[in-house]
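Below is one structure, written out as structure tokens; the observations come after it.
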Amino acid sequence: MSAALLFLSAFLASAVEMVEALTIVLAAGLARGWRSALAGVGAATVALAAIVAALGPALTTIPLNGLRLVVGGLLLVFGLQWLRKAILRASGHKEHHDEEAIFARELAAARAGAPGEDSGIDGYGFTLAFKGVLLEGLEVAFIVVSFGANQHEVGLAAIAAGAAVLVVIGIGVAVRAPLSRIPENGMKLAVGVMLSSFGMFWGAEGAGAQWPGGELALLAIVPTVFATALVLVWRNTHGLRRGRSSAETLERRGLPA
């Protein structure tokens with residue numbers, strides 16, 4: 001059961017990050033040339049593979065309880081950050097992540113950059129693609145290494161991340177456009193729930209607590225975190241609507257909001 005949740009969490013997290021990376025790579029490729037963009041992608045992929053290969057075995061040498069405490073705490077921090085952003089976007093307090101707008105900005109910036117060489121690798125396009133893939137991929141690498149090392153399933157987590165990358169790249173190549181139709185906020189909410197749930201579960205175990213039923217406790221933790229997130233979305237949405245209604249009432253009366 002935990003292996004399935006591990007695979008799903010790593011897959012969704014990787015997919016979200018790769019959608020953002022793909023947007024940057026598309027802009028670099030269209031504006032500066034595909035040779036430079038793909039070279040940047042390749043270099044970033046090698047760097048990320050080296051990070052995973054180096055950190056994975058190193059983490060396995062840490063005592064299990066200490067590893068779970070550290071990884072659980074870090075996953076909880078990451079998960080709560082993702083949840084906070086997803087809740088604010090879902091309730092209207094924060095603008096949704098618009099891949100088309102980001103693509104337009106990146107494309108304009110790439111075209112306005114320093115002109116590249118007539119032959120060989122364009123430095124600006126290479127750097128843009130490399131930076132985009134590396135920065136987005138580092139979070140994926142952290143999730144793969146931490147999830148995999150804690151469960152002794154680095155290979156499974158890496159397979160999930162690789163599958164997500166292939167799916168996103170395949171769709172991106174097919175449509176050659178930012179994947180704006182993917183419900184990214186919903187995916188971020190799901191990933192936030194998964195990361196927070198695993199973070200609480202492993203962190204508590206690392207601190208010496210014992211969950212009733214062992215891993216079966218995740219069947220209660222995950223729905224509880226998800227339900228809490230939905231309640232927060234509802235409360236924030238209700239508060240925003242009430243605030244807008246009050247502002248409109250004051251405006252009709254000619255009073256400052």
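How things are named: the first chain in the structure tokens is A, the next is B, and so on; residues count from 1 in each chain; ligands count from 1 in the order shown.
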
Within 7 Å of stretch 79-95 of chain A: each stretch 166-234 of chain A residue with its shortest pair, only C-alpha atoms, as a Markdown table:
| residue | atom | partner | partner_atom | distance |
| --- | --- | --- | --- | --- |
| A:Asn185 | CA | A:Ala86 | CA | 5.6 |
| A:Lys188 | CA | A:Trp82 | CA | 6.1 |
| A:Leu189 | CA | A:Ala86 | CA | 5.3 |
| A:Gly192 | CA | A:Gly79 | CA | 4.2 |
| A:Val193 | CA | A:Gly79 | CA | 6.6 |
| A:Leu195 | CA | A:Gly79 | CA | 4.6 |
| A:Ser196 | CA | A:Gly79 | CA | 4.6 |
| A:Ala229 | CA | A:Ile87 | CA | 6.9 |
| A:Leu232 | CA | A:Ile87 | CA | 6.9 |
| A:Val233 | CA | A:Ser91 | CA | 5.3 |
| A:Trp234 | CA | A:Ser91 | CA | 7.0 |

Output file for the residues above (C-alpha atoms, as a PDB file, in the first residue's frame):
ATOM      1  CA  ASN A 185      -3.644  23.394  -8.913  1.00  0.00           C
ATOM      2  CA  LYS A 188      -0.521  20.484  -6.362  1.00  0.00           C
ATOM      3  CA  LEU A 189      -3.270  20.029  -3.808  1.00  0.00           C
ATOM      4  CA  GLY A 192       0.590  18.615  -0.874  1.00  0.00           C
ATOM      5  CA  VAL A 193      -1.774  16.188   0.812  1.00  0.00           C
ATOM      6  CA  LEU A 195       3.716  14.956   1.180  1.00  0.00           C
ATOM      7  CA  SER A 196       2.116  16.298   4.372  1.00  0.00           C
ATOM      8  CA  ALA A 229      -7.580  21.242   3.088  1.00  0.00           C
ATOM      9  CA  LEU A 232      -9.767  25.602   4.535  1.00  0.00           C
ATOM     10  CA  VAL A 233     -10.610  26.196   0.871  1.00  0.00           C
ATOM     11  CA  TRP A 234     -14.293  26.609   1.778  1.00  0.00           C
TER      12      TRP A 234
END

(message) Can you pull out the residues contacting A:Ile51? Cut-off 10 Å, using only C-alpha atoms, and skip same-chain residues under 6 positions away; I want them as a ChimeraX atom specification.
(response) /A:45,138,141-142,145

(message) Excluding stretch 2-9 of chain A and its own-chain neighbours fewer than 5 positions away, which residues fall within 7 Å of it when counting only C-alpha atoms? Please give them as a ChimeraX atom specification.
(response) /A:147,156-157,160,191,194,215

Those residues you just picked out, can you put them in a file as a PDB file, in the first residue's frame with N, CA and C atoms?
ATOM      1  N   PHE A 147      11.826  10.015  -0.403  1.00  0.00           N
ATOM      2  CA  PHE A 147      10.838   8.942  -0.382  1.00  0.00           C
ATOM      3  C   PHE A 147      11.516   7.588  -0.529  1.00  0.00           C
ATOM      4  N   LEU A 156      12.008   2.601  -7.227  1.00  0.00           N
ATOM      5  CA  LEU A 156      10.584   2.779  -7.533  1.00  0.00           C
ATOM      6  C   LEU A 156      10.240   4.258  -7.654  1.00  0.00           C
ATOM      7  N   ALA A 157      10.773   5.076  -6.743  1.00  0.00           N
ATOM      8  CA  ALA A 157      10.518   6.512  -6.810  1.00  0.00           C
ATOM      9  C   ALA A 157      11.107   7.110  -8.081  1.00  0.00           C
ATOM     10  N   ALA A 160       8.882   6.252 -10.996  1.00  0.00           N
ATOM     11  CA  ALA A 160       7.692   7.103 -11.006  1.00  0.00           C
ATOM     12  C   ALA A 160       8.019   8.478 -11.574  1.00  0.00           C
ATOM     13  N   VAL A 191      -0.602  16.540  -4.314  1.00  0.00           N
ATOM     14  CA  VAL A 191       0.781  16.310  -3.896  1.00  0.00           C
ATOM     15  C   VAL A 191       1.010  16.860  -2.495  1.00  0.00           C
ATOM     16  N   MET A 194      -0.342  14.417  -0.052  1.00  0.00           N
ATOM     17  CA  MET A 194       0.511  13.229   0.057  1.00  0.00           C
ATOM     18  C   MET A 194       1.779  13.528   0.856  1.00  0.00           C
ATOM     19  N   GLU A 215       1.332   0.986   8.808  1.00  0.00           N
ATOM     20  CA  GLU A 215       1.145   1.726   7.558  1.00  0.00           C
ATOM     21  C   GLU A 215      -0.330   1.929   7.223  1.00  0.00           C
TER      22      GLU A 215
END

(message) Let me make sure I understand: among A:Val70, A:Val144, A:Ile24, A:Leu134, which one has the smallest atom-to-atom distance to A:Leu55 if we use only C-alpha atoms?
(response) A:Val144
